[in-house]
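> Provided herewith is a single structure, encoded as structure tokens, for subsequent inquiry.
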Amino acid sequence: THDKSELRETRVLSSDTFRSDIEIVMYGNRIAFVDYKEEWGLIVEGTQIVSVLKMIFENMWSKWER
């Protein structure tokens, strides 16, 4: 509900399509992986891993319905 005011777009997949208990957040040149259930997190910055995961995300994002 805050997408417009926060200048973002949200798309949600059904749990039948994609099931994950881990949150993945991309911002700048970093990607954060957060598992609230097991209480751990990891931030990756400035690597080829970030670049590849962004490409995967962009590919999937273009296929999701709005």
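A note on labels: chains of the structure tokens are A, B, ... as shown, every chain counts residues from 1, and ligands are counted from 1 in their shown order.
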Please return, as a PyMOL selection string, all residues of stretch 12-58 of chain A that DSSP assigns to strand (DSSP E) on the basis of the backbone.

chain A and resi 23-27+30-35+40-45

> I'd like the neighbourhood of A:Ile24 as a list in words, where a residue qualifies if any of its atoms comes within 7 Å (using only C-alpha atoms), though same-chain residues fewer than 4 positions away should be ignored.

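Everything that qualifies: Ile31, Ala32, Phe33 and Val34 of chain A.
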
> Based on the selection just made, write C-alpha atoms of those residues as an mmCIF file, in the first residue's frame.


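out26.cif, freshly written:
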data_model
loop_
_atom_site.group_PDB
_atom_site.id
_atom_site.type_symbol
_atom_site.label_atom_id
_atom_site.label_comp_id
_atom_site.auth_asym_id
_atom_site.auth_seq_id
_atom_site.Cartn_x
_atom_site.Cartn_y
_atom_site.Cartn_z
ATOM 1 C CA ILE A 31 22.301 -8.284 -1.246
ATOM 2 C CA ALA A 32 21.090 -9.360 2.178
ATOM 3 C CA PHE A 33 19.816 -12.823 3.017
ATOM 4 C CA VAL A 34 17.747 -12.989 6.212
#

> Kindly give the distance, in Å, that separates atom CA of A:Val25 and atom CA of A:Thr10, rounded to a single decimal.

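Pair atom CA of A:Val25 / atom CA of A:Thr10 returns 12.4 Å.
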
> Rank A:Leu13, A:Asp3, A:Ser20, A:Ile49 by their smallest atom-to-atom distance to A:Asp35, using only C-alpha atoms, and report the top residue only.

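For A:Asp35, the nearest of the given residues is A:Ser20.
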
> Write out as an NGL selection string which residues come within 8 Å of stretch 50-54 of chain A when counting only C-alpha atoms, dropping same-chain ones fewer than 2 positions away.

:A and (26 or 29-31 or 44-48 or 56-58)

> Residues of chain A in helix (DSSP H, G or I) according to DSSP, as a PyMOL selection string?

chain A and resi 48-63

> Between atom CA of A:Lys4 and atom CA of A:Gly28, what is the spacing in Å?

19.8 Å

> For atom CA of A:Glu9 and atom CA of A:Glu38, quote the distance in Å rounded to one decimal.

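A separation of 28.1 Å between them.
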